[in-house]
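K.L.:
Supplied in structure tokens, the structure appears directly below.
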Amino acid sequence: MGMLQTMRWFGSNDPVSLMDIRQAGCAGVVTALHQIPVGELWSVEAIEERKRLVEAQNDTYSPLRWAVVESLPVHEDIKKGRPSRTTYIENYKQSIRNLAACGIRTVCYNFMPVLDWSRTNLKYEMPDGSRALRFVWEDFAVFDLCILKRPGAESDYEPEIIESAHQKFGQMTPEQIAELSNIVLLGLPGSEEAFTLDTFQGLLNEYATIGDAELRKNLYYFIQQVAPVAQEVGVDLCIHPDDPPRPLLGLPRVVSTEVDLAQLMAASDVTANGITFCTGSLGIRPDNDLPGMIQRFGERIHFIHLRTTKREDDQRNFHEADHLAGDVDMYAVIKAIVLEQKRRKQAGIGETSIPMRPDHGHQMLDDLHKKTYPGYSAIGRLRGLAELRGLEYGIERSL
């Protein structure tokens with residue numbers, strides 16, 4: 001009755017293979033059709049092709065199944081509320097229908113404008129020599145103020161940060177400047193292509209008249225259009241929280257707190273309108289009560305990312321901690337999940353095992369010498385999964 005253990009897989013070019021995921025003890029795969037441009041239709045043929053890849057060796061080895069789509073991306077025109085959103089929303093609806101026809105029942109998405117998750121260091125060295133992802137507010141200010149030179153950026157930073165950012169920039173080498181720029185501008189997960197500075201500033205300019213209220217309105221409109229279709233065909237949609245959960249680059253972030261999630265759930269009050277409960281993203285904010293949120297949003301949680309971040313002296317700075325360390329009370333979180341799954345079983349809900357994946361493992365051991373997607377090396381995630389699996393087992397036995 002435990003959580004369905006999964007790992008993210010970026011397709012045939014992913015250095016972490018399906019056999020690696022299988023040997024980690026997973027029964028599910030989290031993947032997406034990264035080759036299809038954002039906004040275009042996911043055809044039944046393309047979905048079935050990916051399914052065949054995932055299931056190709058099931059007759060010989062422990063079976064794997066495509067358990068979760070992460071992500072079915074939302075086109076920027078939908079986020080900006082442009083007239084063309086009608087076409088992209090219709091494509092989204094049909095993609096949901098096609099996924100349902102192929103037996104894929106869980107779809108993760110996010111509504112972060114322009115960028116997906118943001119970091120300033122992809123190789124932060126931990127005390128044990130492993131490497132983690134890190135976000136430093138001052139370094140982000142260096143990019144924003146001194147590299148991108150975004151008009152009006154000074155209003156988003158306090159004077160001491162502005163001064164220290166300019167001082168730090170003046171001491172950086174061209175190689176360090178290029179590295180920071182490339183990290184911030186890195187595209188969607190599954191892609192190694194970064195934006196150019198000019199292209200990026202142009203994308204930011206398109207949000208000049210879109211603030212918090214406008215983005216929320218566009219999100220609620222989107223979910224009101226697509227959630228009823230998902231409910232009809234038996235697909236669970238689950239939004240990923242903002243990462244980090246605060247405004248960046250003058251862009252609003254509207255999925256960062258419990259209040260944000262409650263408003264979104266109320267915007268379309270069907271079970272299919274749900275949450276990807278990412279403990280790493282939500283846990284960055286000390287005002288998010290994660291175990292309590294699991295209790296309050298229980299039936300709307302369709303997918304879980306388990307990781308923890310550690311806030312540093314400047315609370316806006318954080319790094320990815322070991323899965324059982326950091327600021328997230330992982331014991332309380334997993335206990336709340338176990339109790340939610342028991343509630344589902346007692347209520348007679350068909351599928352009681354919530355898909356879970358260990359998120360953003362440290363780069364360690366042999367993986368230090370390999371090129372993998374940031375946060376998605378094999379061994380760090382394997383370590384995290386083993387720890388989380390053991391914690392869940394102990395909690396279940398204790399209950």
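To be explicit about the labels: the chains of the structure tokens are called A, B, and onward in the order shown, and within each one the residues are counted from 1, while ligands get numbers from 1 in the order they are shown.
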Taking only residues of region 87-137 of chain A that have an atom at most 12 Å from an atom of region 196-202 of chain A, what is each one's shortest atom pair and its distance in Å to one decimal, using only C-alpha atoms, in chain and number order, as CSV?

P.N.:
```
residue,atom,partner,partner_atom,distance
A:Pro113,CA,A:Phe200,CA,11.6
A:Val114,CA,A:Phe200,CA,8.3
A:Leu115,CA,A:Phe200,CA,9.4
```

K.L.:
Near Pro127 (chain A), counting only C-alpha atoms, which residues have an atom at most 12 Å away, once you skip same-chain residues fewer than 5 positions from it, shown as a list of chain:residue names?

P.N.:
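Counting only C-alpha atoms, the residues come to A:Ala132, A:Ala321, A:Asp322, A:His362, A:Met364.
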
K.L.:
Which residues come within 10 Å of Pro355 (chain A), counting only C-alpha atoms, excluding same-chain residues fewer than 3 positions away, as a ChimeraX atom specification?

P.N.:
/A:2-7,27-30,67-68,106,276,301-305,352

K.L.:
So that I can check the surroundings of Asn317 (chain A), please list as a list in words every protein, DNA and RNA residue that reaches within 6 Å of it, counting only C-alpha atoms and ignoring chain neighbours fewer than 3 positions away.

P.N.:
Phe135, Val136, Trp137, Arg311, Glu312 and Asp314 of chain A

K.L.:
Next, write the just-selected residues to a file, as a PDB file, in the first residue's frame, keeping all heavy atoms as the atom set.

P.N.:
```
ATOM      1  N   PHE A 135      20.849  27.987  -4.562  1.00  0.00           N
ATOM      2  CA  PHE A 135      20.351  29.282  -4.987  1.00  0.00           C
ATOM      3  C   PHE A 135      20.848  30.337  -4.007  1.00  0.00           C
ATOM      4  O   PHE A 135      20.622  30.227  -2.799  1.00  0.00           O
ATOM      5  CB  PHE A 135      18.816  29.301  -5.016  1.00  0.00           C
ATOM      6  CG  PHE A 135      18.227  30.619  -5.462  1.00  0.00           C
ATOM      7  CD1 PHE A 135      17.931  30.842  -6.797  1.00  0.00           C
ATOM      8  CD2 PHE A 135      17.971  31.638  -4.544  1.00  0.00           C
ATOM      9  CE1 PHE A 135      17.386  32.049  -7.222  1.00  0.00           C
ATOM     10  CE2 PHE A 135      17.433  32.848  -4.954  1.00  0.00           C
ATOM     11  CZ  PHE A 135      17.146  33.054  -6.297  1.00  0.00           C
ATOM     12  N   VAL A 136      21.536  31.360  -4.539  1.00  0.00           N
ATOM     13  CA  VAL A 136      22.051  32.455  -3.716  1.00  0.00           C
ATOM     14  C   VAL A 136      21.463  33.756  -4.244  1.00  0.00           C
ATOM     15  O   VAL A 136      21.657  34.105  -5.415  1.00  0.00           O
ATOM     16  CB  VAL A 136      23.591  32.497  -3.729  1.00  0.00           C
ATOM     17  CG1 VAL A 136      24.112  33.714  -2.972  1.00  0.00           C
ATOM     18  CG2 VAL A 136      24.162  31.214  -3.130  1.00  0.00           C
ATOM     19  N   TRP A 137      20.761  34.477  -3.380  1.00  0.00           N
ATOM     20  CA  TRP A 137      20.067  35.701  -3.770  1.00  0.00           C
ATOM     21  C   TRP A 137      21.033  36.739  -4.332  1.00  0.00           C
ATOM     22  O   TRP A 137      20.748  37.390  -5.336  1.00  0.00           O
ATOM     23  CB  TRP A 137      19.313  36.240  -2.571  1.00  0.00           C
ATOM     24  CG  TRP A 137      18.483  37.467  -2.824  1.00  0.00           C
ATOM     25  CD1 TRP A 137      18.642  38.691  -2.249  1.00  0.00           C
ATOM     26  CD2 TRP A 137      17.350  37.581  -3.696  1.00  0.00           C
ATOM     27  NE1 TRP A 137      17.680  39.568  -2.703  1.00  0.00           N
ATOM     28  CE2 TRP A 137      16.869  38.910  -3.593  1.00  0.00           C
ATOM     29  CE3 TRP A 137      16.694  36.693  -4.540  1.00  0.00           C
ATOM     30  CZ2 TRP A 137      15.773  39.369  -4.318  1.00  0.00           C
ATOM     31  CZ3 TRP A 137      15.597  37.156  -5.256  1.00  0.00           C
ATOM     32  CH2 TRP A 137      15.152  38.472  -5.150  1.00  0.00           C
ATOM     33  N   ARG A 311      17.706  26.149   4.277  1.00  0.00           N
ATOM     34  CA  ARG A 311      17.859  27.593   4.257  1.00  0.00           C
ATOM     35  C   ARG A 311      19.164  27.986   4.946  1.00  0.00           C
ATOM     36  O   ARG A 311      19.532  27.408   5.966  1.00  0.00           O
ATOM     37  CB  ARG A 311      16.668  28.261   4.955  1.00  0.00           C
ATOM     38  CG  ARG A 311      15.348  28.077   4.202  1.00  0.00           C
ATOM     39  CD  ARG A 311      14.202  28.817   4.885  1.00  0.00           C
ATOM     40  NE  ARG A 311      13.853  28.216   6.165  1.00  0.00           N
ATOM     41  CZ  ARG A 311      13.018  27.183   6.313  1.00  0.00           C
ATOM     42  NH1 ARG A 311      12.439  26.651   5.247  1.00  0.00           N
ATOM     43  NH2 ARG A 311      12.743  26.698   7.510  1.00  0.00           N
ATOM     44  N   GLU A 312      19.843  28.982   4.389  1.00  0.00           N
ATOM     45  CA  GLU A 312      21.128  29.400   4.923  1.00  0.00           C
ATOM     46  C   GLU A 312      20.960  30.653   5.779  1.00  0.00           C
ATOM     47  O   GLU A 312      19.831  31.032   6.110  1.00  0.00           O
ATOM     48  CB  GLU A 312      22.106  29.594   3.764  1.00  0.00           C
ATOM     49  CG  GLU A 312      22.288  28.304   2.945  1.00  0.00           C
ATOM     50  CD  GLU A 312      23.174  28.466   1.722  1.00  0.00           C
ATOM     51  OE1 GLU A 312      23.806  29.522   1.560  1.00  0.00           O
ATOM     52  OE2 GLU A 312      23.243  27.512   0.922  1.00  0.00           O
ATOM     53  N   ASP A 314      21.273  33.850   5.211  1.00  0.00           N
ATOM     54  CA  ASP A 314      20.297  34.669   4.499  1.00  0.00           C
ATOM     55  C   ASP A 314      19.192  33.725   4.067  1.00  0.00           C
ATOM     56  O   ASP A 314      19.410  32.827   3.243  1.00  0.00           O
ATOM     57  CB  ASP A 314      20.939  35.350   3.283  1.00  0.00           C
ATOM     58  CG  ASP A 314      19.977  36.293   2.559  1.00  0.00           C
ATOM     59  OD1 ASP A 314      18.760  36.030   2.578  1.00  0.00           O
ATOM     60  OD2 ASP A 314      20.448  37.276   1.957  1.00  0.00           O
TER      61      ASP A 314
END
```

K.L.:
Measuring between only C-alpha atoms, which one of A:Asp236, A:Asp243, A:Asp260, A:Glu214 shows the shortest distance to Met112 (chain A)?

P.N.:
A:Asp243

K.L.:
Env of Asp359 (chain A): 9 Å cut, atoms = only C-alpha atoms, seq-sep filter 6 positions within chain, self excluded. Answer as a JSON list (two decimals) with N, CA and C atoms, in the first residue's frame.

P.N.:
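Saved as selection37.json:
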```
[["chain", "number", "residue", "atom", "x", "y", "z"],
["A", 7, "MET", "N", 11.05, 7.15, -10.79],
["A", 7, "MET", "CA", 12.12, 8.10, -11.07],
["A", 7, "MET", "C", 11.84, 8.78, -12.40],
["A", 8, "ARG", "N", 12.37, 9.99, -12.52],
["A", 8, "ARG", "CA", 12.22, 10.74, -13.76],
["A", 8, "ARG", "C", 13.22, 10.23, -14.79],
["A", 278, "CYS", "N", 5.46, 19.05, -3.93],
["A", 278, "CYS", "CA", 6.93, 19.08, -3.94],
["A", 278, "CYS", "C", 7.42, 19.64, -2.61],
["A", 280, "GLY", "N", 10.40, 19.99, -1.60],
["A", 280, "GLY", "CA", 11.55, 20.85, -1.75],
["A", 280, "GLY", "C", 11.15, 22.28, -2.05],
["A", 305, "HIS", "N", 6.84, 14.89, -4.95],
["A", 305, "HIS", "CA", 8.29, 15.01, -5.08],
["A", 305, "HIS", "C", 8.86, 15.11, -3.67],
["A", 306, "LEU", "N", 9.71, 14.19, -3.30],
["A", 306, "LEU", "CA", 10.28, 14.21, -1.97],
["A", 306, "LEU", "C", 11.76, 14.62, -2.04],
["A", 307, "ARG", "N", 12.04, 15.78, -1.51],
["A", 307, "ARG", "CA", 13.40, 16.28, -1.32],
["A", 307, "ARG", "C", 13.33, 17.35, -0.25],
["A", 308, "THR", "N", 14.48, 17.77, 0.22],
["A", 308, "THR", "CA", 14.49, 18.83, 1.22],
["A", 308, "THR", "C", 15.58, 19.84, 0.90],
["A", 323, "HIS", "N", 18.22, 13.89, 1.69],
["A", 323, "HIS", "CA", 16.76, 13.74, 1.70],
["A", 323, "HIS", "C", 16.16, 13.70, 3.11],
["A", 375, "GLY", "N", 20.69, 17.68, -10.98],
["A", 375, "GLY", "CA", 19.78, 17.13, -9.99],
["A", 375, "GLY", "C", 19.30, 15.73, -10.28],
["A", 376, "TYR", "N", 19.67, 15.19, -11.46],
["A", 376, "TYR", "CA", 19.08, 13.92, -11.88],
["A", 376, "TYR", "C", 20.12, 12.84, -12.17],
["A", 381, "ARG", "N", 20.00, 10.03, -6.40],
["A", 381, "ARG", "CA", 18.56, 9.73, -6.29],
["A", 381, "ARG", "C", 18.35, 8.34, -5.70],
["A", 384, "GLY", "N", 18.67, 8.71, -2.03],
["A", 384, "GLY", "CA", 17.48, 9.34, -1.50],
["A", 384, "GLY", "C", 16.30, 8.39, -1.46],
["A", 385, "LEU", "N", 16.11, 7.63, -2.53],
["A", 385, "LEU", "CA", 14.99, 6.69, -2.59],
["A", 385, "LEU", "C", 15.12, 5.63, -1.50]]
```
